[in-house]
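Student: This is coords.pdb (PDB, C-alpha atoms, pLDDT in the B column).
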ATOM      1  CA  MET A   1     -51.603  16.736  -9.926  1.00 72.00           C
ATOM      2  CA  SER A   2     -53.183  17.913 -13.140  1.00 87.00           C
ATOM      3  CA  VAL A   3     -54.702  21.316 -13.835  1.00 87.00           C
ATOM      4  CA  ASN A   4     -56.436  22.820 -16.823  1.00 90.00           C
ATOM      5  CA  GLU A   5     -55.567  26.070 -18.600  1.00 87.00           C
ATOM      6  CA  TYR A   6     -57.992  28.103 -16.516  1.00 91.00           C
ATOM      7  CA  GLU A   7     -56.632  26.809 -13.200  1.00 93.00           C
ATOM      8  CA  ALA A   8     -53.056  27.372 -14.344  1.00 92.00           C
ATOM      9  CA  SER A   9     -53.903  30.918 -15.424  1.00 92.00           C
ATOM     10  CA  LEU A  10     -55.246  31.613 -11.921  1.00 93.00           C
ATOM     11  CA  VAL A  11     -51.913  30.499 -10.445  1.00 94.00           C
ATOM     12  CA  ILE A  12     -50.069  32.861 -12.809  1.00 93.00           C
ATOM     13  CA  ARG A  13     -52.384  35.720 -11.896  1.00 94.00           C
ATOM     14  CA  SER A  14     -51.960  35.053  -8.161  1.00 96.00           C
ATOM     15  CA  GLY A  15     -48.189  34.953  -8.556  1.00 93.00           C
ATOM     16  CA  ALA A  16     -48.245  38.251 -10.414  1.00 93.00           C
ATOM     17  CA  GLU A  17     -50.365  39.814  -7.670  1.00 94.00           C
ATOM     18  CA  LEU A  18     -47.894  38.577  -5.042  1.00 92.00           C
ATOM     19  CA  LEU A  19     -45.013  40.028  -7.053  1.00 89.00           C
ATOM     20  CA  VAL A  20     -46.738  43.409  -7.259  1.00 90.00           C
ATOM     21  CA  SER A  21     -47.313  43.346  -3.514  1.00 90.00           C
ATOM     22  CA  ALA A  22     -43.717  42.338  -2.787  1.00 86.00           C
ATOM     23  CA  SER A  23     -42.419  45.032  -5.127  1.00 84.00           C
ATOM     24  CA  SER A  24     -44.172  47.723  -3.122  1.00 84.00           C
ATOM     25  CA  ASP A  25     -41.610  47.119  -0.361  1.00 80.00           C
ATOM     26  CA  PRO A  26     -38.339  46.713  -2.284  1.00 71.00           C
ATOM     27  CA  ARG A  27     -35.081  45.803  -0.613  1.00 73.00           C
ATOM     28  CA  PRO A  28     -31.954  47.263  -2.207  1.00 68.00           C
ATOM     29  CA  ASP A  29     -30.330  44.804  -4.590  1.00 68.00           C
ATOM     30  CA  GLU A  30     -31.694  41.801  -2.691  1.00 72.00           C
ATOM     31  CA  GLY A  31     -31.876  39.059  -5.276  1.00 81.00           C
ATOM     32  CA  TYR A  32     -32.933  41.276  -8.166  1.00 84.00           C
ATOM     33  CA  ALA A  33     -30.799  39.318 -10.631  1.00 86.00           C
ATOM     34  CA  ALA A  34     -32.606  36.135  -9.624  1.00 88.00           C
ATOM     35  CA  VAL A  35     -35.986  37.895  -9.786  1.00 87.00           C
ATOM     36  CA  LYS A  36     -35.243  39.130 -13.310  1.00 89.00           C
ATOM     37  CA  ALA A  37     -34.115  35.649 -14.365  1.00 92.00           C
ATOM     38  CA  ASN A  38     -37.269  34.074 -12.925  1.00 91.00           C
ATOM     39  CA  MET A  39     -39.476  36.660 -14.607  1.00 92.00           C
ATOM     40  CA  SER A  40     -37.663  36.142 -17.898  1.00 94.00           C
ATOM     41  CA  GLN A  41     -38.231  32.391 -17.731  1.00 94.00           C
ATOM     42  CA  ALA A  42     -41.855  32.864 -16.691  1.00 94.00           C
ATOM     43  CA  LEU A  43     -42.565  35.241 -19.587  1.00 94.00           C
ATOM     44  CA  GLU A  44     -40.986  32.813 -22.050  1.00 94.00           C
ATOM     45  CA  LEU A  45     -43.156  29.994 -20.692  1.00 93.00           C
ATOM     46  CA  ILE A  46     -46.268  32.213 -20.798  1.00 93.00           C
ATOM     47  CA  ALA A  47     -45.482  33.046 -24.433  1.00 92.00           C
ATOM     48  CA  GLN A  48     -45.097  29.340 -25.197  1.00 92.00           C
ATOM     49  CA  ALA A  49     -48.365  28.511 -23.436  1.00 90.00           C
ATOM     50  CA  LEU A  50     -50.194  31.314 -25.217  1.00 89.00           C
ATOM     51  CA  ALA A  51     -48.950  30.141 -28.608  1.00 88.00           C
ATOM     52  CA  THR A  52     -49.947  26.552 -27.845  1.00 87.00           C
ATOM     53  CA  PHE A  53     -53.350  27.614 -26.531  1.00 83.00           C
ATOM     54  CA  GLU A  54     -54.041  29.788 -29.571  1.00 81.00           C
ATOM     55  CA  ALA A  55     -52.996  26.947 -31.899  1.00 78.00           C
ATOM     56  CA  GLY A  56     -55.758  24.803 -30.393  1.00 74.00           C
ATOM     57  CA  VAL A  57     -58.472  27.429 -30.776  1.00 72.00           C
ATOM     58  CA  ALA A  58     -60.407  27.615 -34.016  1.00 71.00           C
ATOM     59  CA  GLY A  59     -60.041  30.819 -35.985  1.00 67.00           C
ATOM     60  CA  THR A  60     -57.328  33.353 -36.508  1.00 66.00           C
ATOM     61  CA  SER A  61     -54.639  33.640 -33.863  1.00 69.00           C
ATOM     62  CA  ARG A  62     -54.829  37.119 -32.407  1.00 71.00           C
ATOM     63  CA  SER A  63     -51.889  36.772 -30.089  1.00 77.00           C
ATOM     64  CA  THR A  64     -48.942  36.212 -32.435  1.00 82.00           C
ATOM     65  CA  GLY A  65     -47.752  39.751 -31.734  1.00 87.00           C
ATOM     66  CA  TRP A  66     -48.240  39.258 -28.003  1.00 87.00           C
ATOM     67  CA  VAL A  67     -46.128  36.110 -28.086  1.00 89.00           C
ATOM     68  CA  GLN A  68     -43.353  37.974 -29.897  1.00 91.00           C
ATOM     69  CA  ASP A  69     -43.576  40.886 -27.458  1.00 92.00           C
ATOM     70  CA  LEU A  70     -43.471  38.579 -24.422  1.00 91.00           C
ATOM     71  CA  ARG A  71     -40.430  36.816 -25.818  1.00 92.00           C
ATOM     72  CA  GLY A  72     -38.750  40.160 -26.470  1.00 94.00           C
ATOM     73  CA  VAL A  73     -39.316  41.290 -22.902  1.00 93.00           C
ATOM     74  CA  ALA A  74     -38.155  37.911 -21.605  1.00 93.00           C
ATOM     75  CA  ASP A  75     -34.949  38.284 -23.641  1.00 93.00           C
ATOM     76  CA  ASP A  76     -34.404  41.828 -22.353  1.00 92.00           C
ATOM     77  CA  LEU A  77     -34.871  40.736 -18.744  1.00 89.00           C
ATOM     78  CA  GLY A  78     -32.566  37.764 -19.239  1.00 87.00           C
ATOM     79  CA  GLU A  79     -29.703  39.936 -20.447  1.00 80.00           C
ATOM     80  CA  LYS A  80     -27.190  40.855 -17.802  1.00 60.00           C
TER      81      LYS A  80
END
As a first step, turn the structure in this file into structure tokens.
Tutor:
Amino acid sequence: MSVNEYEASLVIRSGAELLVSASSDPRPDEGYAAVKANMSQALELIAQALATFEAGVAGTSRSTGWVQDLRGVADDLGEK
């Protein structure tokens, strides 16, 4: 199965919406370490995708700072 950037971004958005919904009914300490690890990996991949996408777009990259910020948050979440 192959998807384009737009379709993939819709999957990311839907996943984020599901996470927000799930977070409204938290369960004490149930898998939070795994959730943080998954979010850390996802943010790192989003940063990578954003950098790659921006590299293919003509003009000045406006998201260099965003990529750095996403990677910083991913690192913070990944720390135990």
Student: Using the chain letters and numbers from the file, give me the residues hit by the PyMOL selection byres ((chain A and resi 40-48) around 9), as a PDB file with C-alpha atoms, keeping the file's coordinate frame.
Tutor:
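What follows is the written file out-v5.pdb:
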ATOM      1  CA  ILE A  12     -50.069  32.861 -12.809  1.00 93.00           C
ATOM      2  CA  VAL A  35     -35.986  37.895  -9.786  1.00 87.00           C
ATOM      3  CA  LYS A  36     -35.243  39.130 -13.310  1.00 89.00           C
ATOM      4  CA  ALA A  37     -34.115  35.649 -14.365  1.00 92.00           C
ATOM      5  CA  ASN A  38     -37.269  34.074 -12.925  1.00 91.00           C
ATOM      6  CA  MET A  39     -39.476  36.660 -14.607  1.00 92.00           C
ATOM      7  CA  ALA A  49     -48.365  28.511 -23.436  1.00 90.00           C
ATOM      8  CA  LEU A  50     -50.194  31.314 -25.217  1.00 89.00           C
ATOM      9  CA  ALA A  51     -48.950  30.141 -28.608  1.00 88.00           C
ATOM     10  CA  THR A  52     -49.947  26.552 -27.845  1.00 87.00           C
ATOM     11  CA  PHE A  53     -53.350  27.614 -26.531  1.00 83.00           C
ATOM     12  CA  TRP A  66     -48.240  39.258 -28.003  1.00 87.00           C
ATOM     13  CA  VAL A  67     -46.128  36.110 -28.086  1.00 89.00           C
ATOM     14  CA  GLN A  68     -43.353  37.974 -29.897  1.00 91.00           C
ATOM     15  CA  ASP A  69     -43.576  40.886 -27.458  1.00 92.00           C
ATOM     16  CA  LEU A  70     -43.471  38.579 -24.422  1.00 91.00           C
ATOM     17  CA  ARG A  71     -40.430  36.816 -25.818  1.00 92.00           C
ATOM     18  CA  GLY A  72     -38.750  40.160 -26.470  1.00 94.00           C
ATOM     19  CA  VAL A  73     -39.316  41.290 -22.902  1.00 93.00           C
ATOM     20  CA  ALA A  74     -38.155  37.911 -21.605  1.00 93.00           C
ATOM     21  CA  ASP A  75     -34.949  38.284 -23.641  1.00 93.00           C
ATOM     22  CA  ASP A  76     -34.404  41.828 -22.353  1.00 92.00           C
ATOM     23  CA  LEU A  77     -34.871  40.736 -18.744  1.00 89.00           C
ATOM     24  CA  GLY A  78     -32.566  37.764 -19.239  1.00 87.00           C
TER      25      GLY A  78
END
Student: Have a look at CA of Gly65 (chain A) and CA of Val20 (chain A) and let me know their distance in Å, one decimal.
Tutor: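 That distance, rounded to one decimal, is 24.8 Å.
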Student: Just how far from CA of Leu19 (chain A) is CA of Gly56 (chain A), in Å to one decimal?
Tutor: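 Computing the Euclidean distance for CA of Gly56 (chain A) and CA of Leu19 (chain A) yields 29.9 Å.
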Student: To test the calculation: enclose all listed atoms of region 61-80 of chain A in a box whose edges run along x, y and z, add 4 Å on each side, then state centre and edge lengths in Å to one decimal, as lines of an AutoDock Vina configuration file.
Tutor:
center_x = -41.0
center_y = 37.7
center_z = -25.8
size_x = 35.6
size_y = 16.2
size_z = 24.1
Student: How would region 3-24 of chain A read, as a PDB file, in the coordinates of the input, once N, CA and C atoms are built in?
Tutor:
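The file below, selection36.pdb, is the result:
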ATOM      1  N   VAL A   3     -53.835  20.141 -13.803  1.00 87.00           N
ATOM      2  CA  VAL A   3     -54.702  21.316 -13.835  1.00 87.00           C
ATOM      3  C   VAL A   3     -55.019  21.650 -15.285  1.00 87.00           C
ATOM      4  N   ASN A   4     -56.101  22.374 -15.471  1.00 90.00           N
ATOM      5  CA  ASN A   4     -56.436  22.820 -16.823  1.00 90.00           C
ATOM      6  C   ASN A   4     -55.903  24.233 -17.044  1.00 90.00           C
ATOM      7  N   GLU A   5     -56.106  24.745 -18.261  1.00 87.00           N
ATOM      8  CA  GLU A   5     -55.567  26.070 -18.600  1.00 87.00           C
ATOM      9  C   GLU A   5     -56.106  27.158 -17.680  1.00 87.00           C
ATOM     10  N   TYR A   6     -57.382  27.081 -17.357  1.00 91.00           N
ATOM     11  CA  TYR A   6     -57.992  28.103 -16.516  1.00 91.00           C
ATOM     12  C   TYR A   6     -57.359  28.103 -15.125  1.00 91.00           C
ATOM     13  N   GLU A   7     -57.226  26.906 -14.533  1.00 93.00           N
ATOM     14  CA  GLU A   7     -56.632  26.809 -13.200  1.00 93.00           C
ATOM     15  C   GLU A   7     -55.182  27.294 -13.207  1.00 93.00           C
ATOM     16  N   ALA A   8     -54.441  26.926 -14.238  1.00 92.00           N
ATOM     17  CA  ALA A   8     -53.056  27.372 -14.344  1.00 92.00           C
ATOM     18  C   ALA A   8     -52.978  28.884 -14.496  1.00 92.00           C
ATOM     19  N   SER A   9     -53.927  29.459 -15.249  1.00 92.00           N
ATOM     20  CA  SER A   9     -53.903  30.918 -15.424  1.00 92.00           C
ATOM     21  C   SER A   9     -54.191  31.637 -14.105  1.00 92.00           C
ATOM     22  N   LEU A  10     -54.997  31.024 -13.236  1.00 93.00           N
ATOM     23  CA  LEU A  10     -55.246  31.613 -11.921  1.00 93.00           C
ATOM     24  C   LEU A  10     -53.982  31.613 -11.062  1.00 93.00           C
ATOM     25  N   VAL A  11     -53.178  30.567 -11.183  1.00 94.00           N
ATOM     26  CA  VAL A  11     -51.913  30.499 -10.445  1.00 94.00           C
ATOM     27  C   VAL A  11     -50.981  31.607 -10.929  1.00 94.00           C
ATOM     28  N   ILE A  12     -50.914  31.801 -12.245  1.00 93.00           N
ATOM     29  CA  ILE A  12     -50.069  32.861 -12.809  1.00 93.00           C
ATOM     30  C   ILE A  12     -50.537  34.220 -12.317  1.00 93.00           C
ATOM     31  N   ARG A  13     -51.833  34.430 -12.351  1.00 94.00           N
ATOM     32  CA  ARG A  13     -52.384  35.720 -11.896  1.00 94.00           C
ATOM     33  C   ARG A  13     -52.076  35.953 -10.416  1.00 94.00           C
ATOM     34  N   SER A  14     -52.250  34.921  -9.595  1.00 96.00           N
ATOM     35  CA  SER A  14     -51.960  35.053  -8.161  1.00 96.00           C
ATOM     36  C   SER A  14     -50.489  35.354  -7.924  1.00 96.00           C
ATOM     37  N   GLY A  15     -49.618  34.686  -8.673  1.00 93.00           N
ATOM     38  CA  GLY A  15     -48.189  34.953  -8.556  1.00 93.00           C
ATOM     39  C   GLY A  15     -47.849  36.378  -8.933  1.00 93.00           C
ATOM     40  N   ALA A  16     -48.485  36.871  -9.988  1.00 93.00           N
ATOM     41  CA  ALA A  16     -48.245  38.251 -10.414  1.00 93.00           C
ATOM     42  C   ALA A  16     -48.718  39.231  -9.347  1.00 93.00           C
ATOM     43  N   GLU A  17     -49.858  38.942  -8.735  1.00 94.00           N
ATOM     44  CA  GLU A  17     -50.365  39.814  -7.670  1.00 94.00           C
ATOM     45  C   GLU A  17     -49.420  39.816  -6.471  1.00 94.00           C
ATOM     46  N   LEU A  18     -48.862  38.656  -6.134  1.00 92.00           N
ATOM     47  CA  LEU A  18     -47.894  38.577  -5.042  1.00 92.00           C
ATOM     48  C   LEU A  18     -46.637  39.365  -5.377  1.00 92.00           C
ATOM     49  N   LEU A  19     -46.208  39.294  -6.634  1.00 89.00           N
ATOM     50  CA  LEU A  19     -45.013  40.028  -7.053  1.00 89.00           C
ATOM     51  C   LEU A  19     -45.244  41.533  -6.974  1.00 89.00           C
ATOM     52  N   VAL A  20     -46.406  41.985  -7.364  1.00 90.00           N
ATOM     53  CA  VAL A  20     -46.738  43.409  -7.259  1.00 90.00           C
ATOM     54  C   VAL A  20     -46.705  43.838  -5.798  1.00 90.00           C
ATOM     55  N   SER A  21     -47.291  43.033  -4.942  1.00 90.00           N
ATOM     56  CA  SER A  21     -47.313  43.346  -3.514  1.00 90.00           C
ATOM     57  C   SER A  21     -45.905  43.377  -2.935  1.00 90.00           C
ATOM     58  N   ALA A  22     -45.093  42.389  -3.288  1.00 86.00           N
ATOM     59  CA  ALA A  22     -43.717  42.338  -2.787  1.00 86.00           C
ATOM     60  C   ALA A  22     -42.898  43.510  -3.306  1.00 86.00           C
ATOM     61  N   SER A  23     -43.183  43.933  -4.531  1.00 84.00           N
ATOM     62  CA  SER A  23     -42.419  45.032  -5.127  1.00 84.00           C
ATOM     63  C   SER A  23     -42.734  46.370  -4.494  1.00 84.00           C
ATOM     64  N   SER A  24     -43.830  46.454  -3.765  1.00 84.00           N
ATOM     65  CA  SER A  24     -44.172  47.723  -3.122  1.00 84.00           C
ATOM     66  C   SER A  24     -43.277  47.990  -1.917  1.00 84.00           C
TER      67      SER A  24
END
